[in-house]
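In what follows, a structure is listed as structure tokens, so that the remarks can point back to it.
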Amino acid sequence: MSKTVLSVVGARPNFMKIGPVIAGLRAEGLAAPLLHTGQHYDEAMNGRFFADLGLPRPDVNLEVGSGSHAQQTAEIMRRFEPVLDDIRPDAVLVVGDVNSTIACALVAAKKGTKVVHVEAGLRSYDRAMPEEINRVLTDQLSDFLFTTERGALDNLVREGIDPARVFFTGNVMIDTLLANVARAVPASTMIGLEGGYALVTLHRPSNVDEPDVLARLLGCLARMAEAIPVVLPAHPRTLSRIEAAGLMGMVEAAGIRLLPPQGYLEMLGLMRAAKVVVTDSGGLQEETTALGVPCLTVRENTERPITVTQGTNTLVGIDASAIMAAFGDVLATGGKAGRQPELWDGKAGERIARILAETLVL
Ligand code: UD1
């Protein structure tokens, strides 16, 4: 009987990682059901990505919805356990670093089911980020750890993980990007601009939850908008924080173009034509490197250092003068050109599937 690998997704950044893995597993003859925890549920944050990416309809949806970290994680665990008992897969495969990732890895590990982590070993070394806690713990629980950059192995070895469990296979999110870039929706049809604009995304709690920090960052965007158009597709969390902090007037006065969360093909089109991307997202740091578009990351650290050392990314922190200086530099010089990191070549999903098919033992 063929082996079964149960893949898990929950939140937006998971969706663009899972397609190439499932396709690879099925091509290897493995059974590859998909479980959705329901961490993200809005059409704009969820349904649309399944359509855009042609993802298989989830076989199970736990429909957990939003909550505090403890509530959300606990609820996923509680609802995942009976599903695991029912499906009895040979392995549970989780991606990335969201609450769904750690919740399902923990349930599987305690039941003696093998855990596979795709995008293992990334570290910001900042435990104030909820994702960092999810990364460290998921890696500790995993039997197979697939990494996107070679440096991730050093992080894992430092935490006592056996290097024999770690495989450098490349970046599945870039598999998805390369497979879809030709279908990207042109920016001109969405925002009436061919290019020359700044594309901004902000959603990290550390940037949007504190009104002073949010006001400072929006102040930077207002100053950028004096030079070039600024386009801001806003995560629901960001929109509600802007409204709660009474900052919507400032956004409007500055002419910042606020958009709802975008679909995958729309976001690809917006990124590809941007003069610069300003973001606190993990995924956009990698996607801009793959697209060769300069990226300014509004954080003090990154768990994806290869985007800085080899790609187009610059860490600018949250100090207004540093952000504006880096922005001015991109306008003056065109920004970092970068090069493609090793194995970001569209074949990561295949490599992962082959290794699992060869080494998964009952
Ligand atoms: C989660 C991930 C984060 C990722 C982000 C991308 C964790 C710890 N964080 O953060 O790593 O970068 O997704 O989006 O898992 N909401 C909606 N509709 C939805 C989903 C959420 O309106 O479909 C709102 C709710 O008010 C919710 C808030 O967004 O409380 C936050 O959602 P949540 O899933 O808790 O975390 P994210 O901030 O989205």
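Every chain in the structure tokens has a letter given in the order shown (A, B, ...), and although residue numbers restart at 1 in each chain, ligands are simply numbered from 1 in the order shown.
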Exercise. May I have the residues within 6 Å of ligand 1, computed using only C-alpha atoms and all ligand atoms, as a VMD selection string?
Key: chain A and resid 11 to 13 39 to 42 45 66 to 67 98 to 99 130 to 131 236 to 237
Spatial neighbours of Glu243 (chain A), max dist 12 Å, only C-alpha atoms, sep filter under 4 positions, as an mmCIF file with N, CA and C atoms, in the first residue's frame:
data_model
loop_
_atom_site.group_PDB
_atom_site.id
_atom_site.type_symbol
_atom_site.label_atom_id
_atom_site.label_comp_id
_atom_site.auth_asym_id
_atom_site.auth_seq_id
_atom_site.Cartn_x
_atom_site.Cartn_y
_atom_site.Cartn_z
ATOM 1 N N VAL A 208 2.511 47.144 13.742
ATOM 2 C CA VAL A 208 1.179 47.751 13.578
ATOM 3 C C VAL A 208 0.365 47.829 14.874
ATOM 4 N N ASP A 209 0.750 47.070 15.910
ATOM 5 C CA ASP A 209 -0.081 47.054 17.119
ATOM 6 C C ASP A 209 0.151 48.261 18.020
ATOM 7 N N PRO A 211 0.428 52.111 18.448
ATOM 8 C CA PRO A 211 0.062 53.280 17.630
ATOM 9 C C PRO A 211 1.234 54.212 17.311
ATOM 10 N N LEU A 214 3.238 52.570 14.499
ATOM 11 C CA LEU A 214 2.435 52.596 13.273
ATOM 12 C C LEU A 214 2.403 54.018 12.691
ATOM 13 N N ALA A 215 2.227 55.027 13.563
ATOM 14 C CA ALA A 215 2.182 56.424 13.086
ATOM 15 C C ALA A 215 3.523 56.808 12.461
ATOM 16 N N ALA A 234 -3.576 46.179 2.375
ATOM 17 C CA ALA A 234 -3.527 46.059 3.842
ATOM 18 C C ALA A 234 -4.140 44.759 4.351
ATOM 19 N N PRO A 236 -6.003 42.511 7.122
ATOM 20 C CA PRO A 236 -7.122 42.958 7.971
ATOM 21 C C PRO A 236 -6.647 43.539 9.311
ATOM 22 N N ARG A 237 -5.602 42.934 9.853
ATOM 23 C CA ARG A 237 -5.078 43.422 11.134
ATOM 24 C C ARG A 237 -4.584 44.866 10.998
ATOM 25 N N THR A 238 -3.881 45.160 9.903
ATOM 26 C CA THR A 238 -3.310 46.487 9.690
ATOM 27 C C THR A 238 -4.416 47.521 9.519
ATOM 28 N N LEU A 239 -5.415 47.156 8.732
ATOM 29 C CA LEU A 239 -6.528 48.073 8.495
ATOM 30 C C LEU A 239 -7.208 48.422 9.818
ATOM 31 N N LEU A 247 -5.634 56.928 12.352
ATOM 32 C CA LEU A 247 -4.616 57.346 11.379
ATOM 33 C C LEU A 247 -5.111 57.321 9.932
ATOM 34 N N MET A 248 -6.406 57.005 9.746
ATOM 35 C CA MET A 248 -6.893 56.900 8.368
ATOM 36 C C MET A 248 -6.827 58.236 7.646
ATOM 37 N N GLY A 249 -7.072 59.333 8.386
ATOM 38 C CA GLY A 249 -7.015 60.668 7.788
ATOM 39 C C GLY A 249 -5.635 60.957 7.227
ATOM 40 N N MET A 250 -4.629 60.537 7.980
ATOM 41 C CA MET A 250 -3.253 60.771 7.538
ATOM 42 C C MET A 250 -2.952 59.981 6.250
ATOM 43 N N VAL A 251 -3.419 58.739 6.206
ATOM 44 C CA VAL A 251 -3.200 57.895 5.022
ATOM 45 C C VAL A 251 -3.847 58.548 3.800
ATOM 46 N N GLU A 252 -5.081 59.023 3.992
ATOM 47 C CA GLU A 252 -5.807 59.633 2.870
ATOM 48 C C GLU A 252 -5.158 60.939 2.438
#
Exercise. Do a neighbour search on Ala182 (chain A) at 12 Å with only C-alpha atoms, toss out local chain neighbours closer than 3 positions, and write the hits as a PyMOL selection string.
Key: chain A and resi 176-179+185-186+265-266+268-269+272+291
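Within the 7 Å cut-off around Thr279 (chain A), using only C-alpha atoms and omitting residues fewer than 4 positions from it on the same chain, the listed residues are Val200, Thr201, Leu202, Leu296, Thr297 and Val298 of chain A.
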Extract the full set of alpha helix (DSSP H) residues from region 280-318 of chain A according to DSSP on the backbone, and format it as a CSV table (one decimal) with all heavy atoms, in the first residue's frame.
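And here is the file that came out, states-v1.csv:
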chain,number,residue,atom,x,y,z
A,282,GLY,N,7.9,38.0,5.6
A,282,GLY,CA,9.0,37.0,5.3
A,282,GLY,C,8.9,36.6,3.9
A,282,GLY,O,9.9,36.7,3.2
A,283,GLY,N,7.7,36.3,3.4
A,283,GLY,CA,7.6,35.8,2.0
A,283,GLY,C,8.0,36.9,1.0
A,283,GLY,O,8.7,36.5,0.0
A,284,LEU,N,7.6,38.1,1.2
A,284,LEU,CA,8.0,39.1,0.2
A,284,LEU,C,9.5,39.4,0.1
A,284,LEU,O,10.0,39.7,-1.0
A,284,LEU,CB,7.3,40.5,0.5
A,284,LEU,CG,6.0,40.6,-0.3
A,284,LEU,CD1,4.9,39.7,0.2
A,284,LEU,CD2,5.4,42.1,-0.2
A,285,GLN,N,10.2,39.2,1.2
A,285,GLN,CA,11.7,39.3,1.1
A,285,GLN,C,12.2,38.3,0.1
A,285,GLN,O,13.2,38.6,-0.6
A,285,GLN,CB,12.3,39.0,2.5
A,285,GLN,CG,12.0,40.1,3.6
A,285,GLN,CD,12.5,39.6,4.9
A,285,GLN,OE1,13.7,39.4,5.1
A,285,GLN,NE2,11.6,39.6,5.9
A,286,GLU,N,11.7,37.1,0.1
A,286,GLU,CA,12.2,36.0,-0.8
A,286,GLU,C,11.6,36.3,-2.2
A,286,GLU,O,12.4,36.1,-3.2
A,286,GLU,CB,11.7,34.7,-0.3
A,286,GLU,CG,12.4,34.4,1.1
A,286,GLU,CD,12.1,32.9,1.5
A,286,GLU,OE1,11.2,32.3,1.0
A,286,GLU,OE2,12.8,32.5,2.4
A,287,GLU,N,10.4,36.6,-2.3
A,287,GLU,CA,9.8,36.8,-3.7
A,287,GLU,C,10.5,38.0,-4.4
A,287,GLU,O,10.7,37.9,-5.6
A,287,GLU,CB,8.3,37.0,-3.6
A,287,GLU,CG,7.6,35.7,-3.2
A,287,GLU,CD,6.2,35.8,-2.7
A,287,GLU,OE1,5.8,37.0,-2.3
A,287,GLU,OE2,5.4,34.8,-2.7
A,288,THR,N,10.8,39.1,-3.7
A,288,THR,CA,11.5,40.2,-4.4
A,288,THR,C,12.9,39.8,-4.8
A,288,THR,O,13.3,40.2,-5.9
A,288,THR,CB,11.5,41.4,-3.5
A,288,THR,OG1,12.0,41.0,-2.2
A,288,THR,CG2,10.2,42.1,-3.4
A,289,THR,N,13.5,39.0,-4.0
A,289,THR,CA,14.9,38.5,-4.5
A,289,THR,C,14.7,37.6,-5.7
A,289,THR,O,15.5,37.8,-6.7
A,289,THR,CB,15.5,37.6,-3.3
A,289,THR,OG1,16.1,38.6,-2.4
A,289,THR,CG2,16.6,36.7,-3.8
A,290,ALA,N,13.7,36.8,-5.8
A,290,ALA,CA,13.5,35.9,-7.0
A,290,ALA,C,13.2,36.8,-8.2
A,290,ALA,O,13.5,36.5,-9.3
A,290,ALA,CB,12.4,34.9,-6.7
A,291,LEU,N,12.4,37.9,-8.0
A,291,LEU,CA,12.0,38.8,-9.1
A,291,LEU,C,13.1,39.8,-9.4
A,291,LEU,O,12.9,40.5,-10.4
A,291,LEU,CB,10.7,39.5,-8.7
A,291,LEU,CG,9.5,38.6,-8.6
A,291,LEU,CD1,8.3,39.3,-8.0
A,291,LEU,CD2,9.1,38.0,-10.0
A,306,ILE,N,19.8,35.1,3.5
A,306,ILE,CA,20.3,35.0,2.1
A,306,ILE,C,19.7,36.0,1.2
A,306,ILE,O,20.3,36.4,0.2
A,306,ILE,CB,20.1,33.5,1.5
A,306,ILE,CG1,21.1,33.2,0.4
A,306,ILE,CG2,18.7,33.4,1.1
A,306,ILE,CD1,21.2,31.8,0.1
A,307,THR,N,18.5,36.5,1.5
A,307,THR,CA,17.9,37.6,0.7
A,307,THR,C,18.7,38.9,0.8
A,307,THR,O,18.6,39.7,0.0
A,307,THR,CB,16.5,37.8,1.1
A,307,THR,OG1,16.4,38.3,2.5
A,307,THR,CG2,15.6,36.6,1.0
A,308,VAL,N,19.5,39.0,1.9
A,308,VAL,CA,20.3,40.2,2.1
A,308,VAL,C,21.7,40.0,1.5
A,308,VAL,O,22.2,40.8,0.8
A,308,VAL,CB,20.4,40.6,3.6
A,308,VAL,CG1,21.4,41.7,3.8
A,308,VAL,CG2,19.1,40.9,4.2
A,309,THR,N,22.3,38.8,1.8
A,309,THR,CA,23.7,38.6,1.4
A,309,THR,C,23.8,38.3,-0.2
A,309,THR,O,24.7,38.7,-0.8
A,309,THR,CB,24.3,37.4,2.1
A,309,THR,OG1,23.5,36.3,1.9
A,309,THR,CG2,24.5,37.7,3.6
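The coordinates place CA of Val115 (chain A) at 6.9 Å from CA of Leu141 (chain A).
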Exercise. Mind the document's chain letters and residue numbers, and return as a PyMOL selection string the residues of region 20-263 of chain A that DSSP labels strand (DSSP E).
Key: chain A and resi 34-36+60-61+91-95+114-118+144-147+166-168+198-201+230-233+257-259
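Using only C-alpha atoms, the smallest distance between any of A:Leu145, A:Val231, A:Ile318, A:Met324 and Pro163 (chain A) comes from A:Leu145.
Using only C-alpha atoms, the nearest neighbour of Leu217 (chain A) within the list A:Asp280, A:Asp329, A:Asp86, A:Glu303 is A:Asp280.
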Exercise. Name all residues at most 9 Å from Leu6 (chain A) (count only C-alpha atoms; drop same-chain ones fewer than 4 positions away) and give them as a PyMOL selection string.
Key: chain A and resi 31-35+84+87-94
Please dump the current selection as a short mmCIF file (atom, residue, chain, number, x, y, z; two decimals), in the first residue's frame; keep C-alpha atoms.
data_model
loop_
_atom_site.label_atom_id
_atom_site.label_comp_id
_atom_site.auth_asym_id
_atom_site.auth_seq_id
_atom_site.Cartn_x
_atom_site.Cartn_y
_atom_site.Cartn_z
CA ALA A 31 -1.07 9.47 -1.09
CA ALA A 32 -1.11 13.18 -0.25
CA PRO A 33 -4.28 14.42 1.46
CA LEU A 34 -4.49 18.09 2.46
CA LEU A 35 -5.75 19.45 5.77
CA LEU A 84 -4.98 12.11 12.76
CA ILE A 87 -6.38 9.18 8.62
CA ARG A 88 -3.38 7.51 10.31
CA PRO A 89 -0.80 8.96 7.88
CA ASP A 90 2.82 7.79 7.75
CA ALA A 91 3.92 11.40 8.17
CA VAL A 92 2.47 14.85 8.80
CA LEU A 93 4.03 17.59 6.68
CA VAL A 94 3.94 21.17 7.92
#
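Minimum distance to Lys114 (chain A) across A:Arg351, A:Ser142, A:Gly311, A:Glu28 (counting only C-alpha atoms) occurs at A:Ser142.
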Quiz item: What does the distance between CA of Gly192 (chain A) and CA of Met224 (chain A) come to in Å, to one decimal place?
Solution: 18.7 Å
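Proximity to Ala51 (chain A) at 12 Å, evaluated using only C-alpha atoms and with sequence-adjacent residues fewer than 6 positions away removed, yields Phe15, Met16, Gly19, Glu43, Ala44, Met45, Arg57, Gly263, Tyr264 and Leu265 of chain A.
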What does the file look like for those residues with C-alpha atoms, as a PDB file, in the first residue's frame?
ATOM      1  CA  PHE A  15      -0.750  28.404   0.662  1.00  0.00           C
ATOM      2  CA  MET A  16       2.011  29.368  -1.771  1.00  0.00           C
ATOM      3  CA  GLY A  19       1.233  23.151  -4.070  1.00  0.00           C
ATOM      4  CA  GLU A  43     -12.057  34.909   0.890  1.00  0.00           C
ATOM      5  CA  ALA A  44      -9.320  37.548   0.536  1.00  0.00           C
ATOM      6  CA  MET A  45      -6.930  35.769   2.911  1.00  0.00           C
ATOM      7  CA  ARG A  57      -9.586  21.345  -2.201  1.00  0.00           C
ATOM      8  CA  GLY A 263      -4.699  37.624  -4.542  1.00  0.00           C
ATOM      9  CA  TYR A 264      -1.522  35.775  -5.429  1.00  0.00           C
ATOM     10  CA  LEU A 265      -1.431  36.695  -9.127  1.00  0.00           C
TER      11      LEU A 265
END
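By only C-alpha atoms, and with residues fewer than 3 positions from Leu122 (chain A) along its chain excluded, the set lying at most 10 Å from it is Gly96, Asp97, Glu119, Tyr125, Glu132, Arg135, Val136, Asp139, Thr147, Thr148, Glu149, Gly151, Ala152, Leu153, Asp154, Asn155, Leu156, Thr302, Glu303, Arg304 and Pro305 of chain A.
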Exercise. Measuring atom to atom with only C-alpha atoms, identify which of A:Leu62, A:Ile161, A:Val166, A:Val21 is nearest to Val95 (chain A).
Key: A:Val21
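Across A:Pro56, A:Gly195, A:Pro205, A:Gly317, the tightest approach to Leu270 (chain A) is made by A:Gly195 when counting only C-alpha atoms.
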